[in-house]
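The file coords-v7.cif comes next; it holds mmCIF, C-alpha atoms.
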data_input
loop_
_atom_site.label_atom_id
_atom_site.label_comp_id
_atom_site.auth_asym_id
_atom_site.auth_seq_id
_atom_site.Cartn_x
_atom_site.Cartn_y
_atom_site.Cartn_z
CA ALA A 4 0.00 0.00 0.00
CA ALA A 5 2.88 2.38 0.76
CA GLY A 6 4.40 1.54 -2.62
CA MET A 7 1.13 2.46 -4.34
CA THR A 8 1.11 5.78 -2.46
CA VAL A 9 4.62 6.61 -3.69
CA PHE A 10 3.78 5.45 -7.23
CA LEU A 11 0.66 7.63 -7.36
CA THR A 12 2.61 10.61 -6.04
CA ILE A 13 5.46 10.37 -8.54
CA SER A 14 3.23 9.59 -11.52
CA SER A 15 0.71 12.32 -10.71
CA MET A 16 3.44 14.89 -10.16
CA ALA A 17 4.99 14.04 -13.54
CA VAL A 18 1.62 14.62 -15.23
CA ALA A 19 1.08 17.83 -13.25
CA MET A 20 4.52 19.19 -14.12
CA LEU A 21 4.20 18.56 -17.85
CA LEU A 22 0.63 19.80 -18.11
CA GLY A 23 1.34 22.72 -15.79
CA LEU A 24 4.27 23.86 -17.92
CA GLY A 25 2.08 23.76 -21.02
CA VAL A 26 -0.65 25.77 -19.33
CA ALA A 27 1.88 28.31 -18.02
CA LEU A 28 3.37 28.76 -21.50
CA LEU A 29 -0.11 29.24 -22.95
CA ARG A 30 -0.89 31.87 -20.31
CA LEU A 31 2.31 33.75 -21.10
CA PHE A 32 2.89 33.42 -24.83
CA ALA A 33 -0.24 32.18 -26.63
CA PRO A 34 -2.77 34.32 -28.52
CA LEU A 35 -5.41 35.93 -26.33
CA PRO A 36 -8.20 33.30 -26.76
CA LEU A 37 -5.81 30.51 -25.72
CA ARG A 38 -4.65 32.59 -22.76
CA TRP A 39 -8.25 32.87 -21.63
CA LEU A 40 -8.73 29.11 -21.97
CA ALA A 41 -5.59 28.47 -19.94
CA LEU A 42 -6.78 30.94 -17.29
CA ALA A 43 -10.20 29.24 -17.23
CA TYR A 44 -8.45 25.87 -16.72
CA VAL A 45 -6.43 27.21 -13.80
CA GLU A 46 -9.38 28.89 -12.13
CA PHE A 47 -11.64 25.86 -12.65
CA PHE A 48 -9.28 23.32 -11.11
CA ARG A 49 -8.17 25.61 -8.31
CA GLY A 50 -11.82 26.35 -7.54
CA ILE A 51 -13.20 22.84 -7.15
CA PRO A 52 -12.32 20.24 -4.50
CA LEU A 53 -9.94 17.49 -5.54
CA LEU A 54 -12.31 14.89 -4.13
CA LEU A 55 -15.02 16.10 -6.53
CA VAL A 56 -12.61 15.69 -9.45
CA LEU A 57 -11.87 12.12 -8.40
CA TYR A 58 -15.56 11.28 -7.97
CA PHE A 59 -16.42 12.77 -11.36
CA LEU A 60 -13.62 10.95 -13.20
CA TYR A 61 -14.29 7.61 -11.52
CA TYR A 62 -18.06 7.50 -11.11
CA GLY A 63 -19.32 10.27 -13.40
CA LEU A 64 -17.49 9.18 -16.54
CA ALA A 65 -18.39 5.55 -15.84
CA SER A 66 -22.06 6.46 -16.07
CA PHE A 67 -21.37 7.51 -19.67
CA GLY A 68 -19.62 4.21 -20.39
CA PHE A 69 -16.07 5.53 -20.05
CA GLU A 70 -14.44 3.49 -17.31
CA MET A 71 -10.85 3.74 -16.15
CA ALA A 72 -8.92 1.75 -13.61
CA ALA A 73 -9.00 3.43 -10.21
CA TRP A 74 -5.25 4.06 -10.17
CA VAL A 75 -5.40 5.65 -13.66
CA THR A 76 -8.26 7.83 -12.48
CA ALA A 77 -6.19 8.85 -9.46
CA ILE A 78 -3.16 9.83 -11.55
CA LEU A 79 -5.32 11.74 -14.03
CA GLY A 80 -7.33 13.50 -11.31
CA PHE A 81 -4.29 14.52 -9.30
CA GLY A 82 -2.42 15.48 -12.45
CA LEU A 83 -5.22 17.71 -13.72
CA ASN A 84 -5.73 19.36 -10.34
CA TYR A 85 -2.09 19.92 -9.43
CA ALA A 86 -1.26 21.12 -12.95
CA ALA A 87 -3.30 24.24 -12.24
CA TYR A 88 -1.14 25.00 -9.21
CA GLU A 89 2.09 24.04 -10.97
CA SER A 90 1.27 26.32 -13.89
CA GLU A 91 0.97 29.30 -11.57
CA ILE A 92 4.29 28.40 -9.95
CA TYR A 93 5.97 28.22 -13.37
CA ARG A 94 4.30 31.37 -14.64
CA SER A 95 5.36 33.44 -11.66
CA ALA A 96 8.89 31.99 -11.79
CA ILE A 97 9.20 32.84 -15.49
CA LEU A 98 7.91 36.35 -14.87
CA SER A 99 10.45 36.78 -12.05
CA VAL A 100 13.38 36.52 -14.47
CA PRO A 101 14.44 40.07 -15.36
CA ALA A 102 13.53 41.20 -18.88
CA ARG A 103 17.14 42.16 -19.54
CA GLU A 104 18.06 38.45 -19.49
CA GLY A 105 15.89 37.89 -22.57
CA GLU A 106 17.25 41.02 -24.19
CA ALA A 107 20.80 39.74 -23.63
CA GLY A 108 19.95 36.45 -25.32
CA ARG A 109 18.47 38.21 -28.32
CA ALA A 110 21.52 40.51 -28.47
CA LEU A 111 23.66 37.39 -28.76
CA GLY A 112 21.62 36.33 -31.79
CA MET A 113 19.43 33.72 -30.12
CA THR A 114 15.86 33.19 -31.24
CA GLU A 115 12.98 33.65 -28.78
CA VAL A 116 12.79 29.89 -28.26
CA GLN A 117 16.54 29.54 -27.72
CA THR A 118 16.53 32.47 -25.30
CA PHE A 119 13.70 30.92 -23.36
CA ARG A 120 15.20 27.42 -23.33
CA ARG A 121 18.80 28.42 -22.51
CA ILE A 122 18.43 31.53 -20.37
CA ILE A 123 14.93 32.17 -19.02
CA PHE A 124 13.70 28.67 -18.17
CA PRO A 125 16.80 27.46 -16.25
CA GLN A 126 16.64 30.54 -14.01
CA ALA A 127 12.89 30.21 -13.56
CA LEU A 128 13.22 26.54 -12.68
CA ARG A 129 15.51 27.36 -9.76
CA THR A 130 12.94 29.81 -8.46
CA ALA A 131 10.11 27.29 -8.91
CA LEU A 132 11.81 24.38 -7.12
CA GLY A 133 10.83 25.47 -3.61
CA PRO A 134 7.09 25.73 -4.25
CA MET A 135 7.22 22.59 -6.40
CA THR A 136 8.68 20.71 -3.43
CA ASN A 137 5.81 21.87 -1.26
CA ASP A 138 3.31 20.70 -3.88
CA PHE A 139 5.07 17.35 -4.14
CA VAL A 140 4.74 16.70 -0.41
CA ALA A 141 1.13 17.99 -0.41
CA LEU A 142 0.32 15.64 -3.28
CA PHE A 143 1.87 12.76 -1.36
CA LYS A 144 -0.50 13.43 1.54
CA ASP A 145 -3.48 14.02 -0.77
CA THR A 146 -3.12 10.51 -2.19
CA SER A 147 -5.11 9.41 0.86
CA LEU A 148 -8.19 10.73 -0.96
CA VAL A 149 -8.07 7.90 -3.50
CA SER A 150 -9.14 5.43 -0.87
CA VAL A 151 -12.70 6.53 -1.71
CA ILE A 152 -12.38 5.26 -5.30
CA ALA A 153 -11.06 1.81 -4.42
CA VAL A 154 -7.33 2.39 -4.80
CA HIS A 155 -5.54 0.23 -2.26
CA GLU A 156 -3.04 2.70 -0.84
CA LEU A 157 -1.86 3.47 2.67
CA THR A 158 -5.02 5.10 4.03
CA LYS A 159 -7.22 2.39 2.52
CA GLU A 160 -5.04 -0.24 4.19
CA TYR A 161 -5.43 1.63 7.49
CA LEU A 162 -9.22 1.62 7.09
CA ILE A 163 -9.32 -2.10 6.33
CA LEU A 164 -7.01 -3.12 9.19
CA SER A 165 -8.50 -0.78 11.79
CA ARG A 166 -12.05 -1.91 11.08
CA SER A 167 -11.15 -5.57 11.35
CA SER A 168 -8.99 -5.21 14.48
CA LEU A 169 -10.79 -2.25 16.11
CA LYS A 170 -7.37 -0.71 16.83
CA PHE A 171 -8.11 2.70 15.31
CA VAL A 172 -5.72 4.69 17.49
CA GLU A 173 -2.74 2.35 17.31
CA LEU A 174 -3.01 1.79 13.57
CA GLY A 175 -3.79 5.49 13.01
CA LEU A 176 -0.58 6.48 14.76
CA LEU A 177 1.36 3.86 12.81
CA THR A 178 -0.10 5.09 9.51
CA ALA A 179 0.67 8.70 10.42
CA GLY A 180 4.22 7.63 11.26
CA LEU A 181 4.55 5.95 7.88
CA TYR A 182 3.34 9.10 6.10
CA VAL A 183 5.88 11.21 7.99
CA ALA A 184 8.66 8.68 7.45
CA MET A 185 7.99 8.67 3.70
CA SER A 186 7.24 12.37 3.19
CA ILE A 187 10.50 13.60 4.70
CA PRO A 188 12.73 11.63 2.29
CA LEU A 189 10.42 12.58 -0.60
CA GLY A 190 10.88 16.21 0.34
CA TYR A 191 14.67 15.81 0.37
CA LEU A 192 14.59 13.90 -2.90
CA SER A 193 12.57 16.57 -4.63
CA ARG A 194 14.93 19.28 -3.34
#
The structure given in the file should be rewritten as structure tokens.
Amino acid sequence: AAGMTVFLTISSMAVAMLLGLGVALLRLFAPLPLRWLALAYVEFFRGIPLLLVLYFLYYGLASFGFEMAAWVTAILGFGLNYAAYESEIYRSAILSVPAREGEAGRALGMTEVQTFRRIIFPQALRTALGPMTNDFVALFKDTSLVSVIAVHELTKEYLILSRSSLKFVELGLLTAGLYVAMSIPLGYLSR
């Protein structure tokens, strides 16, 4: 169950990072209608509870005949939700790089894409790493939500064992200890 928790965290964060970067780039550099769509995406997913996203993807889409495995639903739901937050982290980090950095790249004969890839993005990534680390650890803890859609992860295992043994406190403390023991190294790893 702990392995599933780590797997969901890493997979979901990868989806969130890739999608979030795309949304951030749309918000910064795309034509105005695409910027509005990217903004709508961010506001939508930041405005609704993650649990609702998981319920909709798992139960709502199934009612239309589109069924996914619970773990796929979890990765997609977390990825879509956290991408909205990641995109804002990337966007603010990119905007924090001084404009003169881009001007220097263009003065050296680089194209806009080369300037962004070689000068702007590496500096922005350093700025974004701190908040990304926080999101990574928050996502790790949020994986407990997938116990409601039949993913057998750490919290689900706690529920099963505590109900059968009636040792809610002891197993709750043990589960909390496992979360702490795994989140600290994940935080260091992401740093």
Identify, on the basis of only C-alpha atoms, every residue whose closest approach to segment 20-33 of chain A does not exceed 9 Å; exclude the query and any residue fewer than 5 positions from it along the same chain; express the result as a PDB file with C-alpha atoms, in the frame of the given file.
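Everything below was put into around_34.pdb:
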ATOM      1  CA  SER A  15       0.710  12.320 -10.710  1.00  0.00           C
ATOM      2  CA  ARG A  38      -4.650  32.590 -22.760  1.00  0.00           C
ATOM      3  CA  TRP A  39      -8.250  32.870 -21.630  1.00  0.00           C
ATOM      4  CA  LEU A  40      -8.730  29.110 -21.970  1.00  0.00           C
ATOM      5  CA  ALA A  41      -5.590  28.470 -19.940  1.00  0.00           C
ATOM      6  CA  LEU A  42      -6.780  30.940 -17.290  1.00  0.00           C
ATOM      7  CA  TYR A  44      -8.450  25.870 -16.720  1.00  0.00           C
ATOM      8  CA  VAL A  45      -6.430  27.210 -13.800  1.00  0.00           C
ATOM      9  CA  GLY A  82      -2.420  15.480 -12.450  1.00  0.00           C
ATOM     10  CA  LEU A  83      -5.220  17.710 -13.720  1.00  0.00           C
ATOM     11  CA  TYR A  85      -2.090  19.920  -9.430  1.00  0.00           C
ATOM     12  CA  ALA A  86      -1.260  21.120 -12.950  1.00  0.00           C
ATOM     13  CA  ALA A  87      -3.300  24.240 -12.240  1.00  0.00           C
ATOM     14  CA  TYR A  88      -1.140  25.000  -9.210  1.00  0.00           C
ATOM     15  CA  GLU A  89       2.090  24.040 -10.970  1.00  0.00           C
ATOM     16  CA  SER A  90       1.270  26.320 -13.890  1.00  0.00           C
ATOM     17  CA  GLU A  91       0.970  29.300 -11.570  1.00  0.00           C
ATOM     18  CA  ILE A  92       4.290  28.400  -9.950  1.00  0.00           C
ATOM     19  CA  TYR A  93       5.970  28.220 -13.370  1.00  0.00           C
ATOM     20  CA  ARG A  94       4.300  31.370 -14.640  1.00  0.00           C
ATOM     21  CA  SER A  95       5.360  33.440 -11.660  1.00  0.00           C
ATOM     22  CA  ILE A  97       9.200  32.840 -15.490  1.00  0.00           C
ATOM     23  CA  LEU A  98       7.910  36.350 -14.870  1.00  0.00           C
ATOM     24  CA  MET A 135       7.220  22.590  -6.400  1.00  0.00           C
TER      25      MET A 135
END
For Val151 of chain A, find every residue with an atom within 9 Å (counting all atoms listed in the file), except residues of its own chain fewer than 3 positions away, and show them as a PyMOL selection string. chain A and resi 54+57-58+147-148+154+159
Would you write out, as a ChimeraX atom specification, every residue that the PyMOL selection byres ((chain A and resi 130) around 10) captures in this file? /A:92-93,95-97,99-100,124-129,131-135
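Ranking A:Leu111, A:Leu174, A:Ile152, A:Leu164 by their shortest atom-to-atom distance to Ala73 of chain A, with only C-alpha atoms included, puts A:Ile152 first.
By only C-alpha atoms, and with residues fewer than 5 positions from Thr12 of chain A along its chain excluded, the set lying at most 7 Å from it is Leu142, Phe143 and Thr146 of chain A.
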Calculate how many Å separate atom CA of Ala4 of chain A from atom CA of Gly68 of chain A, rounding to one decimal. 28.6 Å
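Closest approach to Leu177 of chain A among A:Thr8, A:Asn137, A:Thr158, A:Thr76 is made by A:Thr158 (distances from all atoms listed in the file).
For the pair atom CA of Lys170 of chain A and atom CA of Tyr182 of chain A, the interatomic distance is 18.1 Å.
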Result set of the PyMOL selection byres ((chain A and resi 75) around 12) on the coordinates above, as a VMD selection string: chain A and resid 7 10 to 11 14 to 15 18 57 60 to 61 70 to 74 76 to 82 149 152 to 154
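Shortest atom-to-atom contact with Pro188 of chain A among A:Ser66, A:Thr136, A:Asn84, A:Ser168: A:Thr136, counting only C-alpha atoms.
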To test the calculation: enclose all listed atoms of segment 135-150 of chain A in a box whose edges run along x, y and z, add 4 Å on each side, then state centre and edge lengths in Å to one decimal, as AutoDock Vina command-line options.
--center_x -0.2 --center_y 14.0 --center_z -2.4 --size_x 25.8 --size_y 25.2 --size_z 15.9
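Atom pair atom CA of Ala5 of chain A / atom CA of Leu53 of chain A: separated by 20.8 Å.
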Selected residue of minimal separation from Ala107 of chain A among A:Phe139, A:Tyr191, A:Ile122, A:Glu46, counting only C-alpha atoms: A:Ile122
